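One file, model.cif, is given below (mmCIF, C-alpha atoms).
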```
data_upload
#
loop_
_atom_site.label_atom_id
_atom_site.label_comp_id
_atom_site.auth_asym_id
_atom_site.auth_seq_id
_atom_site.Cartn_x
_atom_site.Cartn_y
_atom_site.Cartn_z
CA MET D 223 22.87 9.10 -18.77
CA GLY D 224 24.68 12.39 -19.22
CA LEU D 225 25.74 15.46 -17.29
CA VAL D 226 23.51 17.45 -14.98
CA GLN D 227 22.25 21.03 -15.27
CA ARG D 228 24.94 23.36 -16.65
CA SER D 229 26.95 20.70 -18.46
CA LYS D 230 23.76 19.23 -19.89
CA CYS D 231 22.80 22.61 -21.32
CA VAL D 232 26.16 22.90 -23.13
CA ARG D 233 25.79 19.45 -24.68
CA GLY D 234 22.19 20.23 -25.67
CA THR D 235 23.28 23.42 -27.45
CA PHE D 236 25.94 21.53 -29.41
CA GLU D 237 23.45 18.86 -30.47
CA GLN D 238 20.94 21.50 -31.55
CA ARG D 239 23.64 23.09 -33.72
CA GLU D 240 24.36 19.69 -35.27
CA ARG D 241 20.67 19.12 -35.95
CA GLY D 242 20.18 22.47 -37.74
CA PRO D 243 22.42 21.83 -40.81
CA ALA D 244 21.01 18.33 -41.27
CA GLU D 245 17.43 19.66 -41.31
CA ARG D 246 18.32 22.45 -43.73
CA PHE D 247 20.16 20.04 -46.02
CA GLY D 248 17.18 17.67 -46.01
CA ARG D 249 14.83 20.51 -46.93
CA SER D 250 17.08 21.77 -49.72
CA ILE D 251 17.34 18.33 -51.33
CA ARG D 252 13.60 17.93 -51.91
CA PRO D 253 13.06 21.03 -54.18
CA ASN D 254 16.09 20.09 -56.28
CA PHE D 255 14.85 16.53 -56.47
CA ASN D 256 11.38 17.65 -57.63
CA ARG D 257 12.91 19.99 -60.23
CA LEU D 258 15.10 17.20 -61.59
CA LEU D 259 12.12 14.92 -61.91
CA GLY D 260 10.32 17.56 -63.94
CA GLN D 261 12.97 17.51 -66.64
CA ASP D 262 12.36 14.69 -69.07
CA GLN D 263 15.31 12.34 -69.40
CA LEU D 264 17.93 15.01 -68.58
CA VAL D 265 19.12 13.27 -65.39
CA SER D 266 20.04 9.64 -65.00
CA LYS D 267 18.26 7.34 -62.59
CA ASP D 268 21.49 6.87 -60.64
CA ASP D 269 21.65 10.60 -59.86
CA VAL D 270 18.00 10.57 -58.76
CA GLN D 271 18.63 7.63 -56.43
CA GLN D 272 21.70 9.35 -54.98
CA LYS D 273 19.62 12.47 -54.22
CA GLN D 274 16.94 10.31 -52.59
CA THR D 275 19.53 8.55 -50.44
CA ALA D 276 21.12 11.86 -49.40
CA ALA D 277 17.72 13.32 -48.43
CA ALA D 278 16.81 10.24 -46.39
CA SER D 279 20.18 10.30 -44.64
CA ALA D 280 19.80 13.97 -43.71
CA ARG D 281 16.35 13.39 -42.30
CA ALA D 282 17.61 10.39 -40.29
CA GLN D 283 20.46 12.48 -38.84
CA ALA D 284 18.00 15.18 -37.80
CA GLU D 285 15.72 12.60 -36.12
CA ALA D 286 18.69 11.08 -34.32
CA GLN D 287 19.68 14.47 -32.93
CA ARG D 288 16.09 15.10 -31.78
CA ALA D 289 16.03 11.74 -29.99
CA LEU D 290 19.38 12.43 -28.33
CA ILE D 291 18.20 15.83 -27.07
CA ALA D 292 14.96 14.29 -25.77
CA GLN D 293 16.90 11.65 -23.79
CA LYS D 294 18.82 14.38 -21.95
CA THR D 295 15.73 16.35 -21.01
CA ILE D 296 14.37 15.33 -17.60
CA ARG D 297 10.58 15.56 -17.40
CA ALA D 298 8.44 14.81 -14.34
CA PRO D 299 5.73 12.17 -14.92
CA PHE D 300 3.26 14.15 -12.77
CA SER D 301 2.97 17.54 -11.06
CA GLY D 302 4.28 17.82 -7.52
CA VAL D 303 6.85 19.33 -5.17
CA LEU D 304 10.57 18.66 -5.63
CA GLY D 305 12.76 17.75 -2.70
CA ILE D 306 16.48 18.24 -2.09
CA ARG D 307 18.59 17.26 -5.07
CA GLN D 308 20.79 14.19 -4.68
CA VAL D 309 23.47 15.15 -7.25
CA ASN D 310 25.93 17.99 -7.68
CA LEU D 311 26.73 20.20 -10.68
CA GLY D 312 28.93 18.38 -13.15
CA GLN D 313 28.36 14.99 -11.56
CA TYR D 314 27.93 12.00 -13.88
CA VAL D 315 24.52 10.39 -13.42
CA ALA D 316 24.46 6.61 -13.77
CA PRO D 317 21.35 4.83 -15.05
CA GLY D 318 18.83 4.39 -12.25
CA ALA D 319 20.43 6.97 -9.94
CA THR D 320 18.14 9.24 -7.91
CA ILE D 321 18.39 12.88 -8.98
CA VAL D 322 15.65 14.41 -6.84
CA THR D 323 12.46 13.24 -5.13
CA LEU D 324 9.06 14.33 -6.44
CA GLN D 325 6.02 14.20 -4.14
CA GLN D 326 2.39 14.79 -5.05
CA LEU D 327 0.60 16.45 -2.12
CA ASP D 328 -2.93 16.88 -3.45
CA PRO D 329 -4.48 14.41 -3.68
CA ILE D 330 -2.46 12.10 -1.44
CA TYR D 331 -2.76 8.35 -0.98
CA VAL D 332 -2.96 6.38 2.25
CA ASN D 333 -2.29 2.62 2.34
CA PHE D 334 -3.50 0.42 5.18
CA ASN D 335 -4.29 -3.24 5.90
CA LEU D 336 -7.50 -4.87 7.12
CA PRO D 337 -8.23 -8.40 8.37
CA GLU D 338 -9.71 -10.84 5.89
CA GLN D 339 -13.02 -10.88 7.81
CA MET D 340 -13.69 -7.36 6.50
CA ILE D 341 -13.06 -8.08 2.83
CA ASP D 342 -16.79 -7.82 2.06
CA GLU D 343 -17.27 -4.61 4.08
CA VAL D 344 -14.96 -2.29 2.15
CA ALA D 345 -15.08 -1.46 -1.56
CA PRO D 346 -13.98 1.35 -3.90
CA GLY D 347 -15.97 4.45 -3.03
CA THR D 348 -16.17 3.79 0.73
CA ALA D 349 -15.72 7.04 2.67
CA VAL D 350 -12.74 7.11 5.05
CA THR D 351 -11.20 9.56 7.49
CA ALA D 352 -7.57 9.86 8.55
CA ARG D 353 -5.85 11.49 11.53
CA VAL D 354 -2.14 12.02 12.13
CA ASP D 355 -0.32 12.69 15.40
CA ALA D 356 1.56 15.62 13.87
CA LEU D 357 -1.74 17.49 13.29
CA PRO D 358 -3.91 16.86 16.37
CA GLY D 359 -7.59 17.61 15.93
CA LYS D 360 -7.45 17.74 12.13
CA VAL D 361 -9.40 15.18 10.09
CA PHE D 362 -8.70 14.39 6.45
CA GLU D 363 -11.52 12.95 4.37
CA GLY D 364 -11.31 10.74 1.31
CA LYS D 365 -12.56 7.61 -0.41
CA VAL D 366 -11.25 4.12 -1.03
CA THR D 367 -9.88 3.91 -4.57
CA ALA D 368 -8.37 0.40 -4.68
CA VAL D 369 -8.68 -2.88 -2.78
CA GLU D 370 -6.04 -5.61 -3.02
CA PRO D 371 -7.76 -8.81 -4.23
CA LEU D 372 -5.07 -11.06 -2.68
CA VAL D 373 -5.05 -11.89 1.04
CA ASP D 374 -1.57 -12.22 2.56
CA SER D 375 -1.17 -15.87 3.58
CA SER D 376 1.16 -15.01 6.50
CA THR D 377 -0.88 -12.21 8.12
CA ARG D 378 -4.39 -12.94 6.74
CA ASN D 379 -4.70 -9.26 5.89
CA PHE D 380 -5.41 -7.48 2.61
CA GLY D 381 -4.29 -4.07 1.43
CA VAL D 382 -6.49 -1.03 0.84
CA GLN D 383 -5.62 2.31 -0.76
CA ALA D 384 -7.62 5.49 -0.21
CA THR D 385 -7.28 8.93 -1.79
CA LEU D 386 -7.44 11.94 0.54
CA ARG D 387 -7.99 15.61 -0.25
CA ASN D 388 -5.05 17.75 0.87
CA PRO D 389 -5.47 21.18 -0.74
CA ASP D 390 -3.21 23.07 1.69
CA GLY D 391 -0.47 20.44 1.60
CA THR D 392 -0.31 20.00 5.39
CA LEU D 393 -0.45 16.19 5.16
CA ARG D 394 2.95 14.90 4.08
CA PRO D 395 3.93 11.58 2.48
CA GLY D 396 5.38 9.03 4.89
CA SER D 397 3.32 10.16 7.90
CA PHE D 398 1.66 7.57 10.16
CA ALA D 399 -2.12 7.89 10.02
CA ARG D 400 -5.07 6.37 11.88
CA VAL D 401 -7.73 5.48 9.35
CA GLY D 402 -11.40 4.98 10.15
CA PHE D 403 -14.54 4.28 8.17
CA SER D 404 -18.17 3.50 8.92
CA LEU D 405 -19.51 -0.04 8.69
CA GLY D 406 -23.15 0.99 8.82
CA GLY D 407 -25.60 1.22 11.72
CA ALA D 408 -25.13 -0.09 15.26
CA ARG D 409 -25.62 -3.81 15.90
CA ASP D 410 -25.48 -6.18 18.85
CA VAL D 411 -22.47 -8.51 18.96
CA VAL D 412 -20.91 -10.87 21.47
CA VAL D 413 -17.61 -9.50 22.78
CA ILE D 414 -15.02 -11.09 25.05
CA PRO D 415 -11.56 -10.05 26.27
CA GLN D 416 -8.82 -10.84 23.79
CA THR D 417 -6.97 -12.74 26.53
CA ALA D 418 -9.76 -15.36 26.41
CA VAL D 419 -8.94 -16.33 22.82
CA SER D 420 -6.18 -18.74 21.84
CA PHE D 421 -5.15 -17.64 18.35
CA ASN D 422 -3.89 -20.56 16.25
CA PRO D 423 -3.16 -21.10 12.54
CA TYR D 424 -5.84 -23.80 12.38
CA GLY D 425 -8.49 -21.67 14.10
CA ASN D 426 -9.23 -19.54 17.15
CA VAL D 427 -10.50 -21.33 20.26
CA VAL D 428 -11.87 -20.51 23.71
CA PHE D 429 -12.54 -22.58 26.80
CA VAL D 430 -16.21 -22.47 27.79
CA VAL D 431 -17.12 -23.13 31.42
CA THR D 432 -20.15 -25.38 32.01
CA LYS D 433 -21.74 -26.92 35.11
CA VAL D 434 -22.24 -30.69 35.18
CA ALA D 435 -23.25 -33.21 37.82
CA ARG D 436 -20.53 -35.21 39.49
CA LYS D 437 -20.28 -38.91 38.90
CA PRO D 438 -20.89 -41.23 41.87
CA GLY D 439 -17.73 -42.02 43.78
CA GLU D 440 -15.69 -38.94 42.89
CA THR D 441 -13.23 -37.92 45.60
CA ASP D 442 -10.77 -35.10 46.19
CA MET D 443 -7.00 -35.40 46.59
CA GLN D 444 -7.42 -36.47 50.25
CA GLY D 445 -9.86 -39.18 49.27
CA LYS D 446 -12.92 -37.42 50.65
CA PRO D 447 -16.13 -37.91 48.64
CA LEU D 448 -17.33 -34.96 46.55
CA THR D 449 -20.95 -34.04 46.13
CA GLY D 450 -22.93 -31.52 44.11
CA ASP D 451 -22.14 -30.10 40.69
CA LYS D 452 -18.73 -29.22 39.29
CA LEU D 453 -17.40 -26.75 36.70
CA ILE D 454 -15.53 -28.10 33.69
CA VAL D 455 -14.12 -26.44 30.56
CA THR D 456 -14.71 -27.43 26.96
CA GLN D 457 -12.54 -26.27 24.08
CA ARG D 458 -14.61 -24.66 21.33
CA PHE D 459 -13.70 -23.14 17.97
CA ILE D 460 -15.04 -19.65 17.32
CA LYS D 461 -15.09 -17.16 14.49
CA THR D 462 -13.77 -13.77 15.52
CA GLY D 463 -14.61 -10.36 14.11
CA ALA D 464 -13.41 -6.82 14.64
CA THR D 465 -11.33 -5.78 17.64
CA ARG D 466 -11.67 -2.60 19.66
CA GLY D 467 -9.29 -1.92 22.46
CA ASP D 468 -8.98 -4.98 24.70
CA LEU D 469 -12.16 -6.58 23.35
CA ILE D 470 -12.82 -8.76 20.33
CA ALA D 471 -16.13 -9.58 18.67
CA VAL D 472 -17.25 -13.19 18.22
CA SER D 473 -19.47 -13.75 15.19
CA ASP D 474 -19.96 -17.50 15.59
CA GLY D 475 -19.34 -20.14 18.27
CA LEU D 476 -20.52 -18.34 21.42
CA LYS D 477 -23.90 -17.36 22.79
CA PRO D 478 -24.65 -14.39 25.06
CA GLY D 479 -24.38 -15.34 28.71
CA GLU D 480 -21.84 -18.17 28.31
CA THR D 481 -18.78 -18.08 30.57
CA VAL D 482 -15.27 -18.29 29.13
CA VAL D 483 -11.84 -18.60 30.72
CA THR D 484 -9.73 -15.44 30.43
CA SER D 485 -6.38 -16.59 31.91
CA GLY D 486 -4.31 -19.73 32.28
CA LEU D 487 -5.35 -21.15 28.90
CA LEU D 488 -2.10 -23.11 28.50
CA LYS D 489 -2.85 -25.18 31.61
CA LEU D 490 -6.31 -26.30 30.46
CA ARG D 491 -7.54 -29.35 28.57
CA ASN D 492 -10.99 -30.63 27.65
CA ASP D 493 -13.21 -31.65 30.61
CA ALA D 494 -10.71 -30.24 33.14
CA GLU D 495 -12.33 -29.17 36.40
CA VAL D 496 -11.90 -25.47 37.24
CA THR D 497 -12.76 -22.99 39.96
CA ILE D 498 -13.90 -19.48 39.12
CA ASN D 499 -11.83 -16.71 40.70
CA ASN D 500 -12.81 -13.22 39.58
CA SER D 501 -10.57 -11.36 41.99
CA VAL D 502 -8.34 -10.39 39.04
CA GLN D 503 -10.25 -9.11 36.03
CA PRO D 504 -8.70 -8.75 32.53
CA ALA D 505 -8.55 -5.33 30.95
CA ALA D 506 -11.64 -4.41 28.96
CA ASP D 507 -10.96 -0.85 27.84
CA LEU D 508 -12.27 0.30 24.45
CA HIS D 509 -9.50 2.92 24.18
CA PRO D 510 -6.45 1.65 26.09
CA GLN D 511 -3.56 4.04 26.63
CA VAL D 512 0.06 3.06 27.10
CA GLN D 513 1.42 4.25 30.41
CA ASN D 514 4.92 5.76 30.29
CA ARG D 515 6.80 4.93 33.46
#
```
As structure tokens, the full file:
Amino acid sequence: MGLVQRSKCVRGTFEQRERGPAERFGRSIRPNFNRLLGQDQLVSKDDVQQKQTAAASARAQAEAQRALIAQKTIRAPFSGVLGIRQVNLGQYVAPGATIVTLQQLDPIYVNFNLPEQMIDEVAPGTAVTARVDALPGKVFEGKVTAVEPLVDSSTRNFGVQATLRNPDGTLRPGSFARVGFSLGGARDVVVIPQTAVSFNPYGNVVFVVTKVARKPGETDMQGKPLTGDKLIVTQRFIKTGATRGDLIAVSDGLKPGETVVTSGLLKLRNDAEVTINNSVQPAADLHPQVQNR
């Protein structure tokens, strides 16, 4: 690409000196050429063509020098703050090498992913807020500016980009942010512990506990007859929604008041008889905190 800083300036000065005579020669040719044309049949056509060729060549040399100078002038594509330079004075810069980083601080962009169930709930213009651990208590406001139309087939998430106002430059690129936005007014939803859901590529399922009457002649492992009703589980596909803490919303497949199994899902099968033991309850905290031990 060329030399950096001081060496580049020396080369640029030399090229500017080379460009000057070519421009002056090109300008001097045109008046002489016009004067020769004004004299009737005093100059041959060959001389006129030679002057035209010389003028065109001088102009081409001047344009080539301008292009060469422009290639060695580094211009930022946008306004921002420069970082620490990655090259030294006099170092040769190869094509594609990083010279210095340039960061735009205001506005600043935040990229995050959302599950595919929310693809209809976010659109350009949606108001968002962002918080970072490095600046506790400070909230940055912005709006969604772009939504990725493609859903990732491996994660079932889609990308969203929002633009945040950062006039004082306190929010820095590369920081981890917690993004939030409003989905409208409050609504009633069915929620269950996430441990009750078996997440599978072909669909999410739960085991629903129901009470049924025993068939005549049923006995226990000792051969004693069993009477009364029994509890069995039935595998059911559900459609899940948003998660909050240890809970997950169910938009389809469950009704309020139904009982689901929250542990031991790998041991269950359809119509298996179960016994309810609520001595150990799964976590159901909306804002769980990791305990450092």
- [ ] Can you work out the spacing between CA of Leu386 (chain D) and CA of Ile341 (chain D) in Å, to one decimal?
- [x] 20.9 Å
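The neighbours of Asp374 (chain D) here are the residues that come within 10 Å of it, using only C-alpha atoms and leaving out any residue fewer than 6 positions away in the same chain; they are Asn335, Pro337, Glu338, Phe380 and Gly381 of chain D.
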Task: Residue nearest Tyr331 (chain D) among D:Lys360, D:Ala280, D:Pro395, D:Val354 (counting only C-alpha atoms) - done: D:Pro395
Could you write out as a PDB file with C-alpha atoms, keeping the file's coordinate frame the residues that the PyMOL selection byres ((chain D and resi 449-461) around 10) matches in the shown file?
```pdb
ATOM      1  CA  GLN D 339     -13.020 -10.880   7.810  1.00  0.00           C
ATOM      2  CA  VAL D 419      -8.940 -16.330  22.820  1.00  0.00           C
ATOM      3  CA  SER D 420      -6.180 -18.740  21.840  1.00  0.00           C
ATOM      4  CA  TYR D 424      -5.840 -23.800  12.380  1.00  0.00           C
ATOM      5  CA  GLY D 425      -8.490 -21.670  14.100  1.00  0.00           C
ATOM      6  CA  ASN D 426      -9.230 -19.540  17.150  1.00  0.00           C
ATOM      7  CA  VAL D 427     -10.500 -21.330  20.260  1.00  0.00           C
ATOM      8  CA  VAL D 428     -11.870 -20.510  23.710  1.00  0.00           C
ATOM      9  CA  PHE D 429     -12.540 -22.580  26.800  1.00  0.00           C
ATOM     10  CA  VAL D 430     -16.210 -22.470  27.790  1.00  0.00           C
ATOM     11  CA  VAL D 431     -17.120 -23.130  31.420  1.00  0.00           C
ATOM     12  CA  THR D 432     -20.150 -25.380  32.010  1.00  0.00           C
ATOM     13  CA  LYS D 433     -21.740 -26.920  35.110  1.00  0.00           C
ATOM     14  CA  VAL D 434     -22.240 -30.690  35.180  1.00  0.00           C
ATOM     15  CA  ALA D 435     -23.250 -33.210  37.820  1.00  0.00           C
ATOM     16  CA  ARG D 436     -20.530 -35.210  39.490  1.00  0.00           C
ATOM     17  CA  LYS D 437     -20.280 -38.910  38.900  1.00  0.00           C
ATOM     18  CA  PRO D 438     -20.890 -41.230  41.870  1.00  0.00           C
ATOM     19  CA  GLY D 439     -17.730 -42.020  43.780  1.00  0.00           C
ATOM     20  CA  GLU D 440     -15.690 -38.940  42.890  1.00  0.00           C
ATOM     21  CA  THR D 441     -13.230 -37.920  45.600  1.00  0.00           C
ATOM     22  CA  LYS D 446     -12.920 -37.420  50.650  1.00  0.00           C
ATOM     23  CA  PRO D 447     -16.130 -37.910  48.640  1.00  0.00           C
ATOM     24  CA  LEU D 448     -17.330 -34.960  46.550  1.00  0.00           C
ATOM     25  CA  THR D 462     -13.770 -13.770  15.520  1.00  0.00           C
ATOM     26  CA  GLY D 463     -14.610 -10.360  14.110  1.00  0.00           C
ATOM     27  CA  ALA D 471     -16.130  -9.580  18.670  1.00  0.00           C
ATOM     28  CA  VAL D 472     -17.250 -13.190  18.220  1.00  0.00           C
ATOM     29  CA  SER D 473     -19.470 -13.750  15.190  1.00  0.00           C
ATOM     30  CA  ASP D 474     -19.960 -17.500  15.590  1.00  0.00           C
ATOM     31  CA  GLY D 475     -19.340 -20.140  18.270  1.00  0.00           C
ATOM     32  CA  LEU D 476     -20.520 -18.340  21.420  1.00  0.00           C
ATOM     33  CA  THR D 481     -18.780 -18.080  30.570  1.00  0.00           C
ATOM     34  CA  VAL D 482     -15.270 -18.290  29.130  1.00  0.00           C
ATOM     35  CA  VAL D 483     -11.840 -18.600  30.720  1.00  0.00           C
ATOM     36  CA  LEU D 490      -6.310 -26.300  30.460  1.00  0.00           C
ATOM     37  CA  ARG D 491      -7.540 -29.350  28.570  1.00  0.00           C
ATOM     38  CA  ASN D 492     -10.990 -30.630  27.650  1.00  0.00           C
ATOM     39  CA  ASP D 493     -13.210 -31.650  30.610  1.00  0.00           C
ATOM     40  CA  ALA D 494     -10.710 -30.240  33.140  1.00  0.00           C
ATOM     41  CA  GLU D 495     -12.330 -29.170  36.400  1.00  0.00           C
ATOM     42  CA  VAL D 496     -11.900 -25.470  37.240  1.00  0.00           C
ATOM     43  CA  THR D 497     -12.760 -22.990  39.960  1.00  0.00           C
ATOM     44  CA  ILE D 498     -13.900 -19.480  39.120  1.00  0.00           C
TER      45      ILE D 498
END
```
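Between CA of Gly402 (chain D) and CA of Val350 (chain D) lies a distance of 5.7 Å.
Rounded to one decimal, CA of Asp442 (chain D) and CA of Thr484 (chain D) lie 25.2 Å from each other.
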Incomplete region 329-339 of chain D filled out to all heavy atoms as a tab-separated table (two decimals), in the coordinates of the input:
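Contents of rebuild_26.tsv, as written:
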```tsv
chain	number	residue	atom	x	y	z
D	329	PRO	N	-4.10	15.23	-4.84
D	329	PRO	CA	-4.48	14.41	-3.68
D	329	PRO	C	-3.31	13.57	-3.20
D	329	PRO	O	-2.29	13.47	-3.87
D	329	PRO	CB	-5.60	13.54	-4.24
D	329	PRO	CG	-5.23	13.38	-5.69
D	329	PRO	CD	-4.63	14.69	-6.11
D	330	ILE	N	-3.50	12.95	-2.02
D	330	ILE	CA	-2.46	12.10	-1.44
D	330	ILE	C	-3.08	10.75	-1.12
D	330	ILE	O	-4.28	10.65	-0.86
D	330	ILE	CB	-1.87	12.78	-0.18
D	330	ILE	CG1	-0.54	12.15	0.19
D	330	ILE	CG2	-2.85	12.75	0.98
D	330	ILE	CD1	0.23	12.93	1.24
D	331	TYR	N	-2.26	9.72	-1.17
D	331	TYR	CA	-2.76	8.35	-0.98
D	331	TYR	C	-2.35	7.83	0.39
D	331	TYR	O	-1.27	8.13	0.89
D	331	TYR	CB	-2.20	7.42	-2.06
D	331	TYR	CG	-2.52	7.87	-3.47
D	331	TYR	CD1	-1.57	8.54	-4.24
D	331	TYR	CD2	-3.78	7.64	-4.02
D	331	TYR	CE1	-1.86	8.97	-5.52
D	331	TYR	CE2	-4.07	8.07	-5.31
D	331	TYR	CZ	-3.12	8.72	-6.05
D	331	TYR	OH	-3.40	9.14	-7.32
D	332	VAL	N	-3.24	7.04	0.99
D	332	VAL	CA	-2.96	6.38	2.25
D	332	VAL	C	-3.20	4.88	2.06
D	332	VAL	O	-4.22	4.47	1.51
D	332	VAL	CB	-3.84	6.93	3.40
D	332	VAL	CG1	-5.32	6.84	3.07
D	332	VAL	CG2	-3.54	6.21	4.70
D	333	ASN	N	-2.21	4.08	2.46
D	333	ASN	CA	-2.29	2.62	2.34
D	333	ASN	C	-2.40	2.01	3.74
D	333	ASN	O	-1.64	2.38	4.64
D	333	ASN	CB	-1.05	2.06	1.63
D	333	ASN	CG	-0.94	2.55	0.20
D	333	ASN	OD1	-1.94	2.71	-0.49
D	333	ASN	ND2	0.27	2.80	-0.26
D	334	PHE	N	-3.32	1.09	3.90
D	334	PHE	CA	-3.50	0.42	5.18
D	334	PHE	C	-3.98	-1.00	4.94
D	334	PHE	O	-4.40	-1.35	3.83
D	334	PHE	CB	-4.49	1.18	6.08
D	334	PHE	CG	-5.83	1.43	5.46
D	334	PHE	CD1	-6.91	0.59	5.71
D	334	PHE	CD2	-6.04	2.51	4.61
D	334	PHE	CE1	-8.15	0.82	5.14
D	334	PHE	CE2	-7.28	2.74	4.03
D	334	PHE	CZ	-8.34	1.90	4.29
D	335	ASN	N	-3.92	-1.83	5.99
D	335	ASN	CA	-4.29	-3.24	5.90
D	335	ASN	C	-5.50	-3.50	6.79
D	335	ASN	O	-5.65	-2.89	7.86
D	335	ASN	CB	-3.13	-4.15	6.32
D	335	ASN	CG	-1.95	-4.04	5.37
D	335	ASN	OD1	-2.13	-3.92	4.16
D	335	ASN	ND2	-0.75	-4.07	5.91
D	336	LEU	N	-6.32	-4.46	6.37
D	336	LEU	CA	-7.50	-4.87	7.12
D	336	LEU	C	-7.52	-6.38	7.22
D	336	LEU	O	-7.00	-7.07	6.34
D	336	LEU	CB	-8.79	-4.37	6.44
D	336	LEU	CG	-9.01	-2.86	6.41
D	336	LEU	CD1	-10.25	-2.53	5.59
D	336	LEU	CD2	-9.13	-2.29	7.81
D	337	PRO	N	-8.13	-6.94	8.27
D	337	PRO	CA	-8.23	-8.40	8.37
D	337	PRO	C	-9.16	-8.96	7.31
D	337	PRO	O	-10.06	-8.27	6.82
D	337	PRO	CB	-8.77	-8.62	9.79
D	337	PRO	CG	-9.45	-7.34	10.14
D	337	PRO	CD	-8.68	-6.26	9.45
D	338	GLU	N	-8.95	-10.22	6.97
D	338	GLU	CA	-9.71	-10.84	5.89
D	338	GLU	C	-11.20	-10.91	6.19
D	338	GLU	O	-12.01	-11.02	5.26
D	338	GLU	CB	-9.18	-12.24	5.60
D	338	GLU	CG	-9.28	-13.20	6.76
D	338	GLU	CD	-8.76	-14.58	6.41
D	338	GLU	OE1	-8.57	-14.84	5.21
D	338	GLU	OE2	-8.52	-15.38	7.33
D	339	GLN	N	-11.60	-10.84	7.48
D	339	GLN	CA	-13.02	-10.88	7.81
D	339	GLN	C	-13.76	-9.66	7.28
D	339	GLN	O	-14.99	-9.69	7.16
D	339	GLN	CB	-13.22	-10.97	9.33
D	339	GLN	CG	-12.77	-12.28	9.94
D	339	GLN	CD	-11.30	-12.28	10.30
D	339	GLN	OE1	-10.56	-11.37	9.90
D	339	GLN	NE2	-10.85	-13.28	11.03
```
